[in-house]
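Encoded as structure tokens, the structure appears first; notes follow it.
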Amino acid sequence: MPTETLAFPTSAGHTLEGALELPTGLVRGAALFAHCFTCTKQSRAAVAVSRALARQGIACLRFDFTGLGGSEGDFGRAGFATDMADLVAGAEALAARFDGPLLLVGHSLGGAAVLAAAALLGEDKIAAIATIGAPSDVPHVLHVIEGDHDAIRRDGAGPVRIGGQAFTLSASFLDAAGDVDLLEVVGTLRVPFLCLHSPTDTIVGIEHAAALFEAAFHPKSFVSLAGADHLLTRAEDANFAATVIAGWAGRYLPMRSDWPMPEEGVVVQTGHGKFGTEVHTTAHRFIADEPRSYGGDESGPTPYDLLLAALGTCTAMTMKLYADQKGWPFAGARIHLTHERNHAEDLMHALEPGEQAQALHRAITLLGDALTAEQRAKIIAIADKCPVHRTLEGHLHIHTSVTD
């Protein structure tokens, strides 16, 4: 997926650094991802979820909270209220770029932050909310902060360790954790809610998911991440959560009504990345791209892949139709196609200066052994009569016009 660096200001005056994952094709909506406590935008869950959403046509911004990763500010003096303000700033940055309500996704304390920030943003700006391993009460985060909390409150600041990392936290950081009644906030929200949680989460127990789910209004859904740890450190767990969220989000960020769906033919429209292009038929949509070796994102077949596929699929369909009409025991075919750009073999005339001869090679394997030799020969012969084959070898003219 194409990734764009996006920096945006906060109300406190410092700048946050984010990575905007863009769909290779057209954008049907946007999402904001909040990472786990003391993680960064590079966490496995943040990257997996944001890129899975981009593959579904949803641009996703993952960013570093104040004082973490590449973002400015003092993490030790920030606290939960600052996280909420950071999310509002991120939402404003997305709103300036994309139309429509946002999908909010949060992992661990980031999940609590998106739920709390939703009340500040307003429901008209939110399409849906998904959380992963989120606590149902913000003070729960204090249990993972190793240090003398009483001394920090007495002295105003002090050293702690969180997840093995050393930080200096202020007393206001600790006090801010108790300022939000998260379940009360969730009870006021009227937006679609998806809660993902692992019953084997040893940091935020499954009872937190039960409390959030009970407090939320329908439509709400719960998905178990059985066997996963809190940080989704296994790639398969992060990818599963990402796939579920991306599929679920499609219901609340549907395909745009102004996207081209032609009554006939094909419509192609430039997307994101260097070569990413959206292809729309009367009933389907997909991405065409170039491989990474050519500077593309490899998110779809190349134009020549599609050309070869057109010939191959038409060949296979024509052979099957012919065999079915004859009532022959046709078990199918496998067709391997390649494109040769410089082809001088079997030419019956001299090339003009600058002219290049090209060739498509098609190797056909008939599957099964029930056909007679005569039947096999006739099925192979019919391959040259498929419509796409005739079009490619016929007198083809391409007419170009310009429309407003």
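How things are named: the first chain in the structure tokens is A, the next is B, and so on; residues count from 1 in each chain; ligands count from 1 in the order shown.
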
What parts of stretch 195-287 of chain A does DSSP call alpha helix (DSSP H)? I'd like the answer as an MDAnalysis selection string. chainID A and resid 206:215 235:249

Same residues, C-alpha atoms, saved as a PDB file, in the first residue's frame:
```pdb
ATOM      1  CA  ILE A 206     -11.823 -10.368  29.198  1.00  0.00           C
ATOM      2  CA  GLU A 207     -14.168  -8.892  31.820  1.00  0.00           C
ATOM      3  CA  HIS A 208     -13.327  -5.455  30.393  1.00  0.00           C
ATOM      4  CA  ALA A 209     -14.707  -6.496  27.008  1.00  0.00           C
ATOM      5  CA  ALA A 210     -17.873  -7.763  28.697  1.00  0.00           C
ATOM      6  CA  ALA A 211     -18.356  -4.441  30.487  1.00  0.00           C
ATOM      7  CA  LEU A 212     -17.821  -2.385  27.305  1.00  0.00           C
ATOM      8  CA  PHE A 213     -20.135  -4.613  25.292  1.00  0.00           C
ATOM      9  CA  GLU A 214     -22.845  -4.449  27.939  1.00  0.00           C
ATOM     10  CA  ALA A 215     -22.646  -0.644  28.125  1.00  0.00           C
ATOM     11  CA  ALA A 235       1.528 -11.826  13.018  1.00  0.00           C
ATOM     12  CA  GLU A 236      -1.405 -14.200  12.514  1.00  0.00           C
ATOM     13  CA  ASP A 237      -3.303 -12.604  15.424  1.00  0.00           C
ATOM     14  CA  ALA A 238      -2.722  -9.059  14.193  1.00  0.00           C
ATOM     15  CA  ASN A 239      -3.671 -10.025  10.642  1.00  0.00           C
ATOM     16  CA  PHE A 240      -6.851 -11.763  11.814  1.00  0.00           C
ATOM     17  CA  ALA A 241      -7.940  -8.711  13.794  1.00  0.00           C
ATOM     18  CA  ALA A 242      -7.114  -6.485  10.824  1.00  0.00           C
ATOM     19  CA  THR A 243      -9.127  -8.619   8.404  1.00  0.00           C
ATOM     20  CA  VAL A 244     -12.162  -8.699  10.707  1.00  0.00           C
ATOM     21  CA  ILE A 245     -12.133  -4.936  11.266  1.00  0.00           C
ATOM     22  CA  ALA A 246     -11.691  -4.194   7.569  1.00  0.00           C
ATOM     23  CA  GLY A 247     -14.559  -6.491   6.594  1.00  0.00           C
ATOM     24  CA  TRP A 248     -16.849  -5.173   9.320  1.00  0.00           C
ATOM     25  CA  ALA A 249     -16.045  -1.538   8.525  1.00  0.00           C
TER      26      ALA A 249
END
```

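Interatomic distance, atom CA of A:Gln56 to atom CA of A:Gly90: 20.8 Å.
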
What does the structure give for the distance between atom CA of A:Leu104 and atom CA of A:Arg285, in Å to one decimal? 25.6 Å

Taking into account only C-alpha atoms, which residue in the set A:Ala113, A:Ala52, A:Met319, A:Leu392 is nearest to A:Ile380? A:Met319

Would you kindly return, as a ChimeraX atom specification, each protein, DNA or RNA residue with an atom no farther than 10 Å from any atom of stretch 294-305 of chain A, considering only C-alpha atoms and excluding same-chain residues fewer than 2 positions away? /A:1-2,23-25,55,272-278,286-292,307-310,337-339

Take the residues from that selection and put them in a file with N, CA and C atoms, as a tab-separated table (two decimals), in the first residue's frame.
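Result file result-v7.tsv:
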```
chain	number	residue	atom	x	y	z
A	1	MET	N	0.83	-1.18	0.00
A	1	MET	CA	0.00	0.00	0.00
A	1	MET	C	0.88	1.25	0.00
A	2	PRO	N	0.49	2.31	-0.75
A	2	PRO	CA	1.23	3.57	-0.67
A	2	PRO	C	1.12	4.17	0.73
A	23	PRO	N	-5.24	3.65	0.02
A	23	PRO	CA	-5.60	2.58	-0.92
A	23	PRO	C	-4.85	2.80	-2.25
A	24	THR	N	-4.52	1.73	-2.92
A	24	THR	CA	-3.90	1.87	-4.23
A	24	THR	C	-4.90	2.47	-5.20
A	25	GLY	N	-6.17	2.15	-5.02
A	25	GLY	CA	-7.21	2.68	-5.89
A	25	GLY	C	-7.94	3.85	-5.27
A	55	ARG	N	-6.43	-1.71	1.97
A	55	ARG	CA	-6.76	-2.67	0.91
A	55	ARG	C	-8.25	-2.71	0.63
A	272	HIS	N	-3.92	5.83	-6.19
A	272	HIS	CA	-2.77	6.36	-5.45
A	272	HIS	C	-1.53	5.53	-5.77
A	273	GLY	N	-0.43	5.91	-5.19
A	273	GLY	CA	0.81	5.23	-5.49
A	273	GLY	C	1.32	5.68	-6.85
A	274	LYS	N	2.40	5.09	-7.31
A	274	LYS	CA	3.00	5.50	-8.57
A	274	LYS	C	2.19	5.03	-9.77
A	275	PHE	N	1.67	3.79	-9.69
A	275	PHE	CA	0.95	3.23	-10.83
A	275	PHE	C	-0.46	2.75	-10.49
A	276	GLY	N	-0.84	2.75	-9.23
A	276	GLY	CA	-2.11	2.18	-8.82
A	276	GLY	C	-3.29	2.73	-9.62
A	277	THR	N	-4.11	1.83	-10.15
A	277	THR	CA	-5.23	2.22	-11.00
A	277	THR	C	-6.45	1.37	-10.66
A	278	GLU	N	-7.59	2.02	-10.54
A	278	GLU	CA	-8.84	1.33	-10.22
A	278	GLU	C	-9.55	0.94	-11.51
A	286	PHE	N	-11.51	-3.81	-9.25
A	286	PHE	CA	-10.25	-4.35	-8.76
A	286	PHE	C	-9.13	-3.37	-9.10
A	287	ILE	N	-7.93	-3.68	-8.64
A	287	ILE	CA	-6.77	-2.80	-8.81
A	287	ILE	C	-5.81	-3.38	-9.83
A	288	ALA	N	-5.28	-2.52	-10.67
A	288	ALA	CA	-4.15	-2.87	-11.52
A	288	ALA	C	-2.94	-2.06	-11.04
A	289	ASP	N	-1.76	-2.66	-11.12
A	289	ASP	CA	-0.57	-2.01	-10.59
A	289	ASP	C	0.64	-2.55	-11.32
A	290	GLU	N	1.80	-2.14	-10.92
A	290	GLU	CA	3.07	-2.66	-11.43
A	290	GLU	C	3.84	-3.28	-10.28
A	291	PRO	N	4.76	-4.20	-10.58
A	291	PRO	CA	5.55	-4.82	-9.50
A	291	PRO	C	6.48	-3.82	-8.84
A	292	ARG	N	6.95	-4.18	-7.66
A	292	ARG	CA	7.85	-3.29	-6.92
A	292	ARG	C	9.15	-3.04	-7.68
A	307	LEU	N	-3.94	-8.45	-19.97
A	307	LEU	CA	-4.02	-8.83	-21.39
A	307	LEU	C	-3.90	-10.34	-21.55
A	308	LEU	N	-2.90	-10.92	-20.87
A	308	LEU	CA	-2.73	-12.37	-20.94
A	308	LEU	C	-3.92	-13.09	-20.33
A	309	ALA	N	-4.43	-12.55	-19.23
A	309	ALA	CA	-5.59	-13.16	-18.59
A	309	ALA	C	-6.81	-13.14	-19.50
A	310	ALA	N	-6.98	-12.04	-20.25
A	310	ALA	CA	-8.10	-11.95	-21.17
A	310	ALA	C	-8.03	-13.06	-22.21
A	337	LEU	N	0.41	-18.45	-20.03
A	337	LEU	CA	0.63	-17.45	-21.06
A	337	LEU	C	1.78	-16.53	-20.69
A	338	THR	N	2.57	-16.15	-21.67
A	338	THR	CA	3.67	-15.22	-21.48
A	338	THR	C	3.67	-14.22	-22.63
A	339	HIS	N	4.33	-13.09	-22.39
A	339	HIS	CA	4.41	-12.03	-23.39
A	339	HIS	C	5.88	-11.82	-23.77
```

Could you check the closest approach to A:Arg362 for each of A:Leu189, A:Leu183, A:Leu311, A:Ala216 and tell me which residue wins, using only C-alpha atoms?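 Of A:Leu189, A:Leu183, A:Leu311, A:Ala216, the one nearest A:Arg362 is A:Leu311, counting only C-alpha atoms.
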
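Here the question is which of A:Ala96, A:Leu232, A:Ala59, A:Ala316 gets nearest to A:His35 using only C-alpha atoms, and that residue is A:Leu232.
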
Nearest to A:Leu225, chosen from A:Gly265, A:Gly69, A:Gly133, A:Pro387, with only C-alpha atoms counted in the distances: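 The answer is A:Gly133, which sits nearest to A:Leu225.
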
Report as a list in words all protein, DNA and RNA residues lying within 10 Å of A:Phe33, evaluated on only C-alpha atoms, omitting residues in the same chain fewer than 3 positions from it.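 Once the adjacent positions are removed, what remains is Gly18, Cys36, Lys41, Ala45, Ala46, Val47, Val49, Ser50, Cys60, Leu61, Arg62, Phe63, Asp64, Leu87, Gly90, Ala91, Leu103, Leu104, Val105, Gly106, His107, Gly110, Gly111, Val114, Ala130 and Thr131 of chain A.
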
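Residues with any atom within 8 Å of A:Thr3, counting only C-alpha atoms and excluding same-chain neighbours fewer than 6 positions away, are Ala19, Leu20, Glu21 and Leu22 of chain A.
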
Could you write out that same residue set with C-alpha atoms as a PDB file, in the first residue's frame?
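Below is the file that was written, result03.pdb:
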```
ATOM      1  CA  ALA A  19       1.724   7.531   8.593  1.00  0.00           C
ATOM      2  CA  LEU A  20      -1.247   7.666   6.221  1.00  0.00           C
ATOM      3  CA  GLU A  21      -1.908   4.323   4.559  1.00  0.00           C
ATOM      4  CA  LEU A  22      -3.631   4.996   1.248  1.00  0.00           C
TER       5      LEU A  22
END
```

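Relative to atom CA of A:Pro254, atom CA of A:Ser108 is found at 26.8 Å.
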
Residue nearest A:Val180 - candidates A:His14, A:Asp74, A:Asp369, A:Leu115, atoms counted: only C-alpha atoms: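 That would be A:Leu115, the residue with the smallest distance to A:Val180.
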